[in-house]
$ cat work.csv   # CSV, C-alpha atoms
chain,number,residue,atom,x,y,z
A,1191,MET,CA,-55.7,-24.2,0.6
A,1192,HIS,CA,-53.3,-26.3,-1.5
A,1193,LYS,CA,-52.5,-23.2,-3.6
A,1194,ASN,CA,-51.7,-21.2,-0.5
A,1195,ARG,CA,-49.5,-24.0,0.9
A,1196,PHE,CA,-47.6,-24.2,-2.4
A,1197,SER,CA,-47.1,-20.4,-2.4
A,1198,VAL,CA,-45.6,-20.5,1.1
A,1199,LEU,CA,-43.3,-23.4,0.2
A,1200,ALA,CA,-42.2,-21.6,-3.0
A,1201,LEU,CA,-41.4,-18.4,-1.1
A,1202,ALA,CA,-39.5,-20.4,1.6
A,1203,SER,CA,-37.5,-22.2,-1.1
A,1204,ALA,CA,-36.7,-19.0,-2.9
A,1205,ALA,CA,-35.4,-17.4,0.3
A,1206,ILE,CA,-33.2,-20.5,1.0
A,1207,PHE,CA,-31.9,-20.4,-2.5
A,1208,ALA,CA,-31.0,-16.7,-2.2
A,1209,VAL,CA,-29.1,-17.2,1.0
A,1210,ALA,CA,-27.4,-20.3,-0.4
A,1211,VAL,CA,-26.2,-18.8,-3.6
A,1212,SER,CA,-25.1,-15.7,-1.7
A,1213,ASN,CA,-22.9,-17.7,0.6
A,1214,GLY,CA,-21.6,-19.6,-2.4
A,1215,GLY,CA,-20.5,-16.4,-4.1
A,1216,THR,CA,-23.2,-16.1,-6.8
A,1217,TYR,CA,-25.2,-13.3,-5.3
A,1218,ALA,CA,-29.0,-13.4,-5.5
A,1219,ALA,CA,-30.1,-11.3,-2.5
A,1220,ASP,CA,-31.0,-7.6,-2.8
A,1221,GLN,CA,-28.5,-6.2,-0.2
A,1222,ILE,CA,-24.8,-6.2,0.0
A,1223,ASP,CA,-23.2,-5.4,3.4
A,1224,ILE,CA,-20.0,-3.3,3.5
A,1225,ALA,CA,-18.6,-1.8,6.7
A,1226,ILE,CA,-16.9,1.5,7.6
A,1227,ILE,CA,-14.8,1.2,10.8
A,1228,VAL,CA,-13.3,4.5,11.9
A,1229,PRO,CA,-12.7,6.4,15.2
A,1230,LEU,CA,-16.0,7.9,16.3
A,1231,SER,CA,-15.0,8.6,19.9
A,1232,GLY,CA,-12.0,10.3,21.5
A,1233,PRO,CA,-9.8,13.1,20.3
A,1234,ASN,CA,-9.9,12.0,16.6
A,1235,ALA,CA,-13.7,11.5,16.4
A,1236,SER,CA,-14.0,14.2,13.8
A,1237,VAL,CA,-11.8,12.1,11.5
A,1238,GLY,CA,-14.3,9.3,11.6
A,1239,GLU,CA,-17.3,11.6,11.3
A,1240,GLN,CA,-15.8,13.1,8.1
A,1241,ALA,CA,-15.4,9.6,6.7
A,1242,VAL,CA,-18.8,8.3,7.7
A,1243,ASN,CA,-20.6,11.4,6.3
A,1244,ALA,CA,-18.9,10.9,2.9
A,1245,ALA,CA,-19.4,7.1,3.0
A,1246,LYS,CA,-23.1,7.6,3.5
A,1247,LEU,CA,-23.1,10.0,0.5
A,1248,ALA,CA,-21.2,7.5,-1.7
A,1249,VAL,CA,-23.5,4.6,-0.8
A,1250,ALA,CA,-26.6,6.7,-1.5
A,1251,ASP,CA,-25.2,7.7,-4.9
A,1252,VAL,CA,-24.5,4.1,-5.8
A,1253,ASN,CA,-27.9,3.0,-4.7
A,1254,ASP,CA,-29.7,5.9,-6.4
A,1255,ALA,CA,-27.9,5.1,-9.6
A,1256,GLY,CA,-29.4,1.6,-9.6
A,1257,GLY,CA,-27.2,-0.3,-7.2
A,1258,ILE,CA,-24.8,-3.0,-8.3
A,1259,ASN,CA,-26.0,-3.7,-11.8
A,1260,THR,CA,-24.1,-6.9,-12.3
A,1261,LEU,CA,-25.9,-8.3,-9.3
A,1262,GLY,CA,-29.4,-7.4,-10.4
A,1263,GLY,CA,-29.4,-3.9,-8.8
A,1264,ALA,CA,-28.5,-5.1,-5.3
A,1265,LYS,CA,-28.2,-2.2,-2.9
A,1266,LEU,CA,-25.2,-1.4,-0.7
A,1267,ASN,CA,-25.9,-1.5,3.1
A,1268,LEU,CA,-23.4,0.5,5.2
A,1269,ILE,CA,-22.5,-0.9,8.6
A,1270,ILE,CA,-20.9,1.8,10.8
A,1271,ALA,CA,-18.6,0.9,13.7
A,1272,ASP,CA,-16.4,2.9,16.1
A,1273,ALA,CA,-12.8,1.9,15.9
A,1274,THR,CA,-12.2,4.0,19.1
A,1275,ASN,CA,-9.0,5.8,19.5
A,1276,ASP,CA,-6.6,3.1,20.5
A,1277,PRO,CA,-5.2,0.0,18.7
A,1278,GLN,CA,-6.8,-2.5,20.9
A,1279,GLY,CA,-10.1,-0.9,20.5
A,1280,ALA,CA,-9.6,-1.1,16.7
A,1281,ILE,CA,-8.8,-4.8,17.0
A,1282,ASN,CA,-11.8,-5.6,19.1
A,1283,THR,CA,-14.2,-3.6,16.9
A,1284,SER,CA,-12.9,-5.1,13.7
A,1285,GLU,CA,-13.1,-8.6,15.0
A,1286,ARG,CA,-16.6,-8.1,16.2
A,1287,VAL,CA,-17.9,-6.6,12.9
A,1288,LEU,CA,-16.1,-9.1,10.7
A,1289,SER,CA,-17.3,-12.1,12.8
A,1290,GLN,CA,-20.9,-11.0,13.1
A,1291,ASN,CA,-21.5,-9.9,9.5
A,1292,THR,CA,-21.1,-11.3,6.0
A,1293,LEU,CA,-19.2,-8.4,4.4
A,1294,ALA,CA,-18.2,-7.9,0.7
A,1295,GLY,CA,-15.5,-5.5,1.9
A,1296,ALA,CA,-14.8,-2.6,4.2
A,1297,TYR,CA,-13.4,0.9,4.4
A,1298,GLY,CA,-11.7,2.6,7.2
A,1299,LEU,CA,-9.5,2.7,10.3
A,1300,ALA,CA,-8.1,6.0,9.0
A,1301,LEU,CA,-5.2,6.3,11.4
A,1302,SER,CA,-2.0,4.3,10.8
A,1303,PRO,CA,-1.7,2.9,14.3
A,1304,LEU,CA,-5.3,1.6,14.2
A,1305,THR,CA,-5.0,0.2,10.7
A,1306,THR,CA,-1.7,-1.6,11.6
A,1307,ALA,CA,-3.3,-3.2,14.6
A,1308,ALA,CA,-6.5,-4.3,13.0
A,1309,LEU,CA,-5.2,-5.5,9.7
A,1310,PRO,CA,-4.6,-9.1,10.9
A,1311,ALA,CA,-8.4,-9.4,11.5
A,1312,PHE,CA,-9.2,-8.6,7.9
A,1313,VAL,CA,-6.6,-11.1,6.7
A,1314,LYS,CA,-8.0,-13.7,9.0
A,1315,HIS,CA,-11.5,-13.2,7.8
A,1316,HIS,CA,-10.4,-12.7,4.1
A,1317,VAL,CA,-12.2,-9.4,3.8
A,1318,PRO,CA,-10.6,-6.6,1.8
A,1319,VAL,CA,-10.3,-3.2,3.4
A,1320,ILE,CA,-9.6,0.1,1.7
A,1321,THR,CA,-7.8,2.6,4.0
A,1322,SER,CA,-6.8,6.2,4.1
A,1323,ALA,CA,-4.0,5.4,6.5
A,1324,ILE,CA,-0.6,6.4,5.0
A,1325,SER,CA,2.1,4.4,6.8
A,1326,ASP,CA,4.6,2.9,4.3
A,1327,THR,CA,4.7,-0.3,6.4
A,1328,LEU,CA,1.1,-1.0,5.5
A,1329,VAL,CA,1.8,-1.7,1.9
A,1330,THR,CA,4.5,-4.4,1.9
A,1331,PRO,CA,4.6,-8.0,0.8
A,1332,THR,CA,3.8,-9.1,4.3
A,1333,ASN,CA,0.5,-7.3,4.7
A,1334,GLY,CA,-1.6,-10.4,3.7
A,1335,GLY,CA,-2.9,-9.0,0.5
A,1336,PHE,CA,-6.3,-7.7,1.8
A,1337,LEU,CA,-5.3,-4.1,2.4
A,1338,PHE,CA,-5.6,-1.4,-0.3
A,1339,GLN,CA,-4.2,2.1,0.5
A,1340,ILE,CA,-6.0,4.7,-1.5
A,1341,ALA,CA,-4.0,7.6,0.0
A,1342,PRO,CA,-0.4,8.4,-0.8
A,1343,LYS,CA,2.4,6.8,1.3
A,1344,GLY,CA,3.7,8.7,4.3
A,1345,SER,CA,7.1,9.1,2.8
A,1346,ALA,CA,5.6,10.8,-0.2
A,1347,PHE,CA,4.1,13.4,2.1
A,1348,GLY,CA,7.5,14.3,3.5
A,1349,ASN,CA,9.0,14.6,0.0
A,1350,GLN,CA,6.2,16.9,-1.1
A,1351,GLN,CA,6.7,19.2,1.9
A,1352,VAL,CA,10.3,19.7,1.1
A,1353,GLU,CA,9.7,20.1,-2.6
A,1354,PHE,CA,7.2,22.8,-1.7
A,1355,LEU,CA,9.8,24.6,0.4
A,1356,LYS,CA,12.2,24.5,-2.5
A,1357,PHE,CA,9.4,26.0,-4.7
A,1358,LEU,CA,8.8,28.8,-2.1
A,1359,ASN,CA,12.5,29.5,-1.8
A,1360,MET,CA,12.8,30.0,-5.6
A,1361,LYS,CA,9.5,32.0,-6.0
A,1362,TYR,CA,10.0,34.3,-3.0
A,1363,LYS,CA,13.8,34.2,-2.5
A,1364,MET,CA,13.2,33.3,1.2
A,1365,GLY,CA,16.7,31.9,1.8
A,1366,ILE,CA,15.6,29.2,4.2
A,1367,THR,CA,18.3,26.7,5.0
A,1368,LYS,CA,17.6,25.5,8.6
A,1369,ALA,CA,14.7,23.1,9.3
A,1370,ALA,CA,13.1,21.6,12.3
A,1371,ILE,CA,11.0,18.4,12.3
A,1372,LEU,CA,8.4,17.6,15.0
A,1373,TYR,CA,6.5,14.4,14.6
A,1374,VAL,CA,4.0,12.4,16.7
A,1375,ASN,CA,5.6,9.2,17.8
A,1376,ASN,CA,3.6,6.6,15.9
A,1377,PRO,CA,3.8,4.9,12.5
A,1378,TYR,CA,2.2,7.8,10.7
A,1379,GLY,CA,4.6,10.3,12.2
A,1380,ILE,CA,7.6,8.2,11.7
A,1381,ALA,CA,6.9,7.4,8.1
A,1382,THR,CA,6.2,11.0,7.2
A,1383,LYS,CA,9.3,12.4,8.9
A,1384,LYS,CA,11.5,9.9,7.1
A,1385,GLY,CA,10.4,11.4,3.8
A,1386,VAL,CA,11.2,14.9,5.1
A,1387,GLU,CA,14.6,13.8,6.3
A,1388,GLN,CA,15.6,12.2,3.1
A,1389,LEU,CA,14.6,15.0,0.8
A,1390,ALA,CA,15.7,17.8,3.1
A,1391,GLU,CA,19.2,16.5,3.0
A,1392,LYS,CA,19.1,16.3,-0.8
A,1393,ALA,CA,17.7,19.8,-0.9
A,1394,GLY,CA,20.7,21.1,1.1
A,1395,LEU,CA,18.6,21.9,4.2
A,1396,GLN,CA,20.3,21.6,7.6
A,1397,ILE,CA,18.0,19.7,10.0
A,1398,VAL,CA,18.7,21.5,13.3
A,1399,LEU,CA,16.0,19.8,15.3
A,1400,ASN,CA,14.5,16.3,14.7
A,1401,SER,CA,12.2,15.4,17.6
A,1402,ALA,CA,9.4,13.0,18.4
A,1403,TYR,CA,6.6,13.8,20.9
A,1404,PRO,CA,3.9,11.6,22.6
A,1405,ALA,CA,0.5,11.4,20.9
A,1406,GLU,CA,-1.3,12.7,23.9
A,1407,ILE,CA,0.5,16.0,24.7
A,1408,THR,CA,-1.4,18.7,26.5
A,1409,ASP,CA,1.2,21.5,26.3
A,1410,ALA,CA,3.3,22.3,23.3
A,1411,SER,CA,5.3,25.1,24.9
A,1412,PRO,CA,8.4,22.9,25.5
A,1413,LEU,CA,8.4,21.9,21.9
A,1414,VAL,CA,8.2,25.5,20.7
A,1415,SER,CA,11.1,26.4,23.1
A,1416,LYS,CA,13.2,23.6,21.3
A,1417,ILE,CA,12.3,25.1,17.9
A,1418,GLU,CA,13.3,28.6,18.9
A,1419,GLN,CA,16.6,27.4,20.5
A,1420,SER,CA,17.5,25.4,17.4
A,1421,GLY,CA,17.5,28.5,15.1
A,1422,ALA,CA,15.2,26.7,12.7
A,1423,GLN,CA,13.6,28.9,9.9
A,1424,VAL,CA,11.0,26.3,8.8
A,1425,LEU,CA,9.1,23.7,10.8
A,1426,PHE,CA,7.8,20.5,9.4
A,1427,PRO,CA,5.2,19.2,12.0
A,1428,VAL,CA,3.5,15.9,11.6
A,1429,SER,CA,0.5,16.1,13.9
A,1430,TYR,CA,-3.2,15.2,14.5
A,1431,ILE,CA,-5.9,17.7,15.4
A,1432,THR,CA,-5.3,18.4,19.1
A,1433,ASP,CA,-1.5,18.5,18.9
A,1434,SER,CA,-1.4,20.6,15.7
A,1435,SER,CA,-3.6,23.2,17.3
A,1436,LEU,CA,-1.5,23.2,20.5
A,1437,ILE,CA,1.7,23.7,18.4
A,1438,LEU,CA,0.3,26.5,16.3
A,1439,THR,CA,-1.1,28.3,19.3
A,1440,ALA,CA,2.1,28.0,21.2
A,1441,LEU,CA,4.1,29.4,18.2
A,1442,ARG,CA,1.8,32.4,18.0
A,1443,SER,CA,2.0,33.0,21.8
A,1444,ALA,CA,5.8,32.9,21.5
A,1445,ASN,CA,5.6,35.4,18.6
A,1446,SER,CA,7.6,32.9,16.5
A,1447,HIS,CA,8.5,33.8,12.9
A,1448,VAL,CA,9.3,30.2,11.9
A,1449,LEU,CA,7.5,29.1,8.7
A,1450,VAL,CA,5.2,26.2,9.3
A,1451,ILE,CA,4.6,23.6,6.5
A,1452,GLY,CA,2.2,21.2,8.0
A,1453,GLY,CA,2.3,17.4,7.6
A,1454,GLY,CA,-1.4,16.9,6.8
A,1455,ALA,CA,-4.0,15.5,9.3
A,1456,GLY,CA,-4.7,18.1,11.9
A,1457,PHE,CA,-3.4,21.0,9.8
A,1458,ILE,CA,-6.0,20.6,7.1
A,1459,TRP,CA,-9.2,19.4,8.8
A,1460,PRO,CA,-12.1,21.8,9.7
A,1461,PRO,CA,-11.4,21.8,13.5
A,1462,ILE,CA,-8.1,23.7,13.0
A,1463,GLY,CA,-9.9,26.4,11.0
A,1464,GLN,CA,-12.6,26.5,13.8
A,1465,SER,CA,-9.9,26.7,16.4
A,1466,LEU,CA,-7.7,29.4,14.8
A,1467,GLY,CA,-10.4,31.5,13.1
A,1468,ASP,CA,-8.9,34.0,10.6
A,1469,LYS,CA,-5.4,33.2,11.9
A,1470,VAL,CA,-5.6,29.9,9.9
A,1471,ASN,CA,-5.3,31.8,6.6
A,1472,GLY,CA,-1.9,31.6,5.0
A,1473,LEU,CA,-1.1,28.3,6.8
A,1474,THR,CA,0.2,25.6,4.3
A,1475,SER,CA,0.2,21.9,4.6
A,1476,VAL,CA,0.6,18.7,2.7
A,1477,ALA,CA,-2.7,16.7,2.1
A,1478,SER,CA,-3.8,13.3,0.8
A,1479,TRP,CA,-6.6,15.0,-1.1
A,1480,ASN,CA,-8.2,18.4,-1.5
A,1481,LEU,CA,-11.6,19.4,-2.8
A,1482,ASP,CA,-10.4,21.7,-5.6
A,1483,SER,CA,-7.6,19.8,-7.2
A,1484,LYS,CA,-7.6,19.9,-11.1
A,1485,ASN,CA,-9.2,16.5,-11.5
A,1486,VAL,CA,-12.1,17.5,-9.3
A,1487,ASN,CA,-12.6,20.9,-10.9
A,1488,ALA,CA,-12.5,19.4,-14.4
A,1489,ASP,CA,-15.6,17.2,-13.7
A,1490,PRO,CA,-19.0,18.8,-12.9
A,1491,LYS,CA,-20.2,15.5,-11.3
A,1492,LEU,CA,-17.2,15.6,-8.9
A,1493,ILE,CA,-17.7,19.2,-8.1
A,1494,ASP,CA,-21.3,18.4,-7.3
A,1495,VAL,CA,-20.2,15.8,-4.8
A,1496,THR,CA,-18.2,18.4,-2.9
A,1497,LYS,CA,-21.2,20.8,-3.0
A,1498,ARG,CA,-23.6,18.2,-1.8
A,1499,TYR,CA,-21.3,17.3,1.1
A,1500,ALA,CA,-21.0,21.0,2.1
A,1501,LYS,CA,-24.8,21.4,1.9
A,1502,ALA,CA,-25.5,18.3,3.9
A,1503,TYR,CA,-22.9,18.7,6.7
A,1504,GLY,CA,-22.3,22.5,6.9
A,1505,THR,CA,-18.6,22.5,6.1
A,1506,PHE,CA,-16.3,22.1,3.1
A,1507,MET,CA,-15.5,18.5,2.1
A,1508,PRO,CA,-12.3,17.7,4.0
A,1509,GLU,CA,-9.5,15.3,3.2
A,1510,GLN,CA,-10.8,12.3,5.1
A,1511,ALA,CA,-14.2,12.8,3.5
A,1512,GLY,CA,-12.9,12.9,0.0
A,1513,GLU,CA,-10.9,9.8,0.5
A,1514,ALA,CA,-13.8,7.9,2.0
A,1515,TYR,CA,-16.2,8.9,-0.8
A,1516,ALA,CA,-13.6,7.7,-3.4
A,1517,GLY,CA,-12.8,4.6,-1.4
A,1518,VAL,CA,-16.4,3.4,-1.0
A,1519,SER,CA,-16.9,4.2,-4.7
A,1520,VAL,CA,-13.9,2.1,-5.6
A,1521,LEU,CA,-15.2,-0.8,-3.4
A,1522,ALA,CA,-18.6,-0.6,-5.2
A,1523,ALA,CA,-16.8,-0.7,-8.6
A,1524,ALA,CA,-14.9,-3.8,-7.5
A,1525,ILE,CA,-18.1,-5.5,-6.4
A,1526,GLN,CA,-19.6,-4.6,-9.7
A,1527,ALA,CA,-16.5,-6.0,-11.6
A,1528,ALA,CA,-16.4,-9.1,-9.5
A,1529,LYS,CA,-20.1,-9.8,-10.2
A,1530,SER,CA,-20.1,-11.1,-6.6
A,1531,ALA,CA,-20.3,-10.1,-3.0
A,1532,ASP,CA,-17.8,-12.9,-2.1
A,1533,PRO,CA,-15.0,-10.9,-0.3
A,1534,ALA,CA,-12.3,-13.0,-1.9
A,1535,LYS,CA,-13.6,-12.2,-5.4
A,1536,VAL,CA,-14.0,-8.6,-4.4
A,1537,ARG,CA,-10.4,-8.6,-3.2
A,1538,ASP,CA,-9.2,-9.9,-6.6
A,1539,ALA,CA,-11.2,-7.3,-8.4
A,1540,LEU,CA,-9.6,-4.6,-6.3
A,1541,ALA,CA,-6.2,-5.9,-7.1
A,1542,ALA,CA,-7.0,-5.7,-10.8
A,1543,ILE,CA,-9.0,-2.5,-10.9
A,1544,ASP,CA,-7.9,0.5,-13.0
A,1545,LEU,CA,-10.6,3.1,-12.4
A,1546,LYS,CA,-10.7,6.4,-14.4
A,1547,ASN,CA,-14.2,7.6,-13.9
A,1548,GLY,CA,-17.1,7.6,-11.5
A,1549,GLY,CA,-16.9,8.4,-7.8
A,1550,GLY,CA,-13.5,6.8,-7.4
A,1551,SER,CA,-11.9,9.3,-9.7
A,1552,LEU,CA,-12.5,11.9,-7.0
A,1553,MET,CA,-9.1,10.8,-5.8
A,1554,GLN,CA,-6.3,12.8,-7.5
A,1555,PRO,CA,-5.1,12.6,-10.2
A,1556,GLY,CA,-8.4,11.0,-11.2
A,1557,GLN,CA,-7.2,7.4,-11.6
A,1558,VAL,CA,-7.0,4.6,-9.0
A,1559,ALA,CA,-5.1,1.3,-9.5
A,1560,PHE,CA,-3.2,-0.7,-6.9
A,1561,ASP,CA,0.2,-2.3,-7.1
A,1562,ALA,CA,1.1,-5.8,-5.9
A,1563,ASN,CA,1.3,-4.6,-2.3
A,1564,GLY,CA,-1.9,-2.6,-2.3
A,1565,ALA,CA,-0.5,0.9,-2.8
A,1566,ASN,CA,-2.3,3.3,-5.1
A,1567,ARG,CA,-0.1,3.5,-8.1
A,1568,HIS,CA,-1.2,7.0,-9.3
A,1569,VAL,CA,-1.9,9.1,-6.2
A,1570,GLN,CA,0.3,11.9,-5.1
A,1571,PRO,CA,-0.1,14.3,-2.1
A,1572,VAL,CA,-0.8,17.9,-2.8
A,1573,MET,CA,0.0,21.1,-0.9
A,1574,ILE,CA,-2.8,23.3,0.3
A,1575,GLN,CA,-2.9,26.8,1.7
A,1576,TRP,CA,-5.8,28.1,3.8
A,1577,GLN,CA,-7.3,31.1,2.0
A,1578,GLY,CA,-10.6,32.5,3.1
A,1579,GLY,CA,-11.1,29.8,5.7
A,1580,VAL,CA,-10.9,27.0,3.1
A,1581,PRO,CA,-7.9,24.8,2.0
A,1582,HIS,CA,-6.9,25.6,-1.6
A,1583,THR,CA,-4.6,23.4,-3.8
A,1584,VAL,CA,-1.4,25.4,-4.5
A,1585,PHE,CA,1.2,22.8,-5.4
A,1586,PRO,CA,2.4,20.9,-7.4
A,1587,GLU,CA,1.6,23.3,-10.2
A,1588,SER,CA,0.3,20.4,-12.4
A,1589,VAL,CA,-2.7,19.9,-10.1
A,1590,ALA,CA,-2.9,23.4,-8.5
A,1591,THR,CA,-6.0,25.6,-8.9
A,1592,SER,CA,-4.9,28.5,-6.8
A,1593,GLN,CA,-1.8,30.7,-6.5
A,1594,VAL,CA,0.2,30.4,-3.3
A,1595,VAL,CA,0.3,33.6,-1.2
A,1596,LYS,CA,3.7,34.2,0.5
A,1597,PRO,CA,3.3,32.7,3.9

$ encode --input "work.csv" --output "structure tokens"
Amino acid sequence: MHKNRFSVLALASAAIFAVAVSNGGTYAADQIDIAIIVPLSGPNASVGEQAVNAAKLAVADVNDAGGINTLGGAKLNLIIADATNDPQGAINTSERVLSQNTLAGAYGLALSPLTTAALPAFVKHHVPVITSAISDTLVTPTNGGFLFQIAPKGSAFGNQQVEFLKFLNMKYKMGITKAAILYVNNPYGIATKKGVEQLAEKAGLQIVLNSAYPAEITDASPLVSKIEQSGAQVLFPVSYITDSSLILTALRSANSHVLVIGGGAGFIWPPIGQSLGDKVNGLTSVASWNLDSKNVNADPKLIDVTKRYAKAYGTFMPEQAGEAYAGVSVLAAAIQAAKSADPAKVRDALAAIDLKNGGGSLMQPGQVAFDANGANRHVQPVMIQWQGGVPHTVFPESVATSQVVKP
């Protein structure tokens, strides 16, 4: 009886010790909580679904490889939450998840308006968050130091779009000189269109239409009428899933011959391929990430990640999924380097990280390191072209794995 009582007391003491040292930053428990907060309802739910699917895969890969070795093999536990589709919903969800859980870090929010709105909650709770949102305004000295942007900046997207047009003009002698810009009126759209404007002028393009539109449009016909009346030869649209499909459908209904060079998001995710069918082939767009960039194709383990995603979820691994897998892997590497689940220490490890292998290297060009404001130092956007129902990397030539077909 004395022996049994001693055993119970010993177990209770051990449990208290594990919790105490965990809260104090010297981790002794067997589980590390991280969160993914992304839109899982509303018109951009597929964005969140892509990210959650890939995050689950990344967590499983870390745990199957032995967990966080510097913390005795502690396993990652993924807490999934719906950021909804509006900024206030993102604020409410983030505050609830952060206040009700002890997190080592988080990934998510995905869309720039949601990330901008929810960021103060992460700063308040001193929890680092890795995001795929691209707005330039997220990575500034005033962001509180807890946000890490794994994706390229929005302005880099616009630059890449115009560089690609210059490449097409040279390769195919297309003679395009007049451009139209359509952009969703939010931080993502504004940041991306600024990059287009700046480089378009340097490239000698005349911008004959530069127009914002509301995020919740239901009819793109008036926008297409503006494009046709402007005399534009190329369109740079910055859109999400619903609006990109509306714009492309309206252009085809009007029998428009304007060249479309998409601004990422809705132009590269699986729903646009499902919506347009074979008509999606030939469409080009800028992207944060693509499944067949050179750094991915050069590493059998990374190729295997994309194949396992496709097998598990019945579609090619899209942009948001690639970023989420890389982001969660980088977060795991930071926890490993910090030797702690204390979010402040994980934040410091993220700030110092220079990752060149493992799951985080899925992000092109195969290396992740953050500058003082949390921007990924090495990442660059790529240009994709839909070929055979799948986006292929066609530009810049340094990372391309497929030849562009004249659009």

$ residues_around --input "work.csv" --residues "segment 1279-1289 of chain A" --least-positions-apart "4" --cutoff "10 Å" --atoms "all atoms listed in the file" --output "PyMOL selection string"
chain A and resi 1225-1229+1269-1275+1293+1295-1296+1299+1303-1312+1314-1317

$ closest_residue --input "work.csv" --among "A:Gly1504, A:Gly1365, A:Gly1335, A:Pro1597" --to "Ser1475 of chain A" --atoms "only C-alpha atoms"
A:Pro1597

$ residues_around --input "work.csv" --residues "Pro1581 of chain A" --least-positions-apart "3" --cutoff "8 Å" --atoms "all atoms listed in the file" --output "PDB file with C-alpha atoms, keeping the file's coordinate frame"
ATOM      1  CA  ILE A1458      -6.000  20.600   7.100  1.00  0.00           C
ATOM      2  CA  ASN A1480      -8.200  18.400  -1.500  1.00  0.00           C
ATOM      3  CA  ILE A1574      -2.800  23.300   0.300  1.00  0.00           C
ATOM      4  CA  GLN A1575      -2.900  26.800   1.700  1.00  0.00           C
ATOM      5  CA  TRP A1576      -5.800  28.100   3.800  1.00  0.00           C
ATOM      6  CA  GLN A1577      -7.300  31.100   2.000  1.00  0.00           C
TER       7      GLN A1577
END

$ closest_residue --input "work.csv" --among "A:Val1520, A:Val1374, A:Ala1590, A:Ile1222" --to "Gly1262 of chain A" --atoms "all atoms listed in the file"
A:Ile1222

$ atom_distance --input "work.csv" --atom1 "atom CA of Gly1453 of chain A" --atom2 "atom CA of Val1428 of chain A"
4.4 Å

$ residues_around --input "work.csv" --residues "Asn1487 of chain A" --least-positions-apart "5" --cutoff "12 Å" --atoms "all atoms listed in the file" --output "CSV table (one decimal) with C-alpha atoms, in the frame of the given file"
chain,number,residue,atom,x,y,z
A,1480,ASN,CA,-8.2,18.4,-1.5
A,1481,LEU,CA,-11.6,19.4,-2.8
A,1482,ASP,CA,-10.4,21.7,-5.6
A,1492,LEU,CA,-17.2,15.6,-8.9
A,1493,ILE,CA,-17.7,19.2,-8.1
A,1494,ASP,CA,-21.3,18.4,-7.3
A,1495,VAL,CA,-20.2,15.8,-4.8
A,1496,THR,CA,-18.2,18.4,-2.9
A,1497,LYS,CA,-21.2,20.8,-3.0
A,1551,SER,CA,-11.9,9.3,-9.7
A,1552,LEU,CA,-12.5,11.9,-7.0
A,1553,MET,CA,-9.1,10.8,-5.8
A,1554,GLN,CA,-6.3,12.8,-7.5
A,1555,PRO,CA,-5.1,12.6,-10.2
A,1556,GLY,CA,-8.4,11.0,-11.2
A,1582,HIS,CA,-6.9,25.6,-1.6
A,1583,THR,CA,-4.6,23.4,-3.8
A,1589,VAL,CA,-2.7,19.9,-10.1
A,1590,ALA,CA,-2.9,23.4,-8.5
A,1591,THR,CA,-6.0,25.6,-8.9
A,1592,SER,CA,-4.9,28.5,-6.8

$ residues_around --input "work.csv" --residues "segment 1460-1471 of chain A" --least-positions-apart "4" --cutoff "9 Å" --atoms "only C-alpha atoms" --output "mmCIF file with C-alpha atoms, in the coordinates of the input"
data_model
loop_
_atom_site.group_PDB
_atom_site.id
_atom_site.type_symbol
_atom_site.label_atom_id
_atom_site.label_comp_id
_atom_site.auth_asym_id
_atom_site.auth_seq_id
_atom_site.Cartn_x
_atom_site.Cartn_y
_atom_site.Cartn_z
ATOM 1 C CA SER A 1236 -14.000 14.200 13.800
ATOM 2 C CA ILE A 1431 -5.900 17.700 15.400
ATOM 3 C CA THR A 1432 -5.300 18.400 19.100
ATOM 4 C CA SER A 1434 -1.400 20.600 15.700
ATOM 5 C CA SER A 1435 -3.600 23.200 17.300
ATOM 6 C CA LEU A 1438 0.300 26.500 16.300
ATOM 7 C CA THR A 1439 -1.100 28.300 19.300
ATOM 8 C CA GLY A 1456 -4.700 18.100 11.900
ATOM 9 C CA THR A 1505 -18.600 22.500 6.100
ATOM 10 C CA PHE A 1506 -16.300 22.100 3.100
ATOM 11 C CA MET A 1507 -15.500 18.500 2.100
ATOM 12 C CA PRO A 1508 -12.300 17.700 4.000
ATOM 13 C CA GLN A 1575 -2.900 26.800 1.700
ATOM 14 C CA TRP A 1576 -5.800 28.100 3.800
ATOM 15 C CA GLN A 1577 -7.300 31.100 2.000
ATOM 16 C CA GLY A 1578 -10.600 32.500 3.100
ATOM 17 C CA GLY A 1579 -11.100 29.800 5.700
ATOM 18 C CA VAL A 1580 -10.900 27.000 3.100
ATOM 19 C CA PRO A 1581 -7.900 24.800 2.000
#

$ residues_around --input "work.csv" --residues "Asn1267 of chain A" --least-positions-apart "5" --cutoff "10 Å" --atoms "only C-alpha atoms" --output "list in words"
Asp1220, Gln1221, Ile1222, Asp1223, Ile1224, Ala1225, Lys1246, Val1249, Ala1250, Asn1253 and Leu1293 of chain A
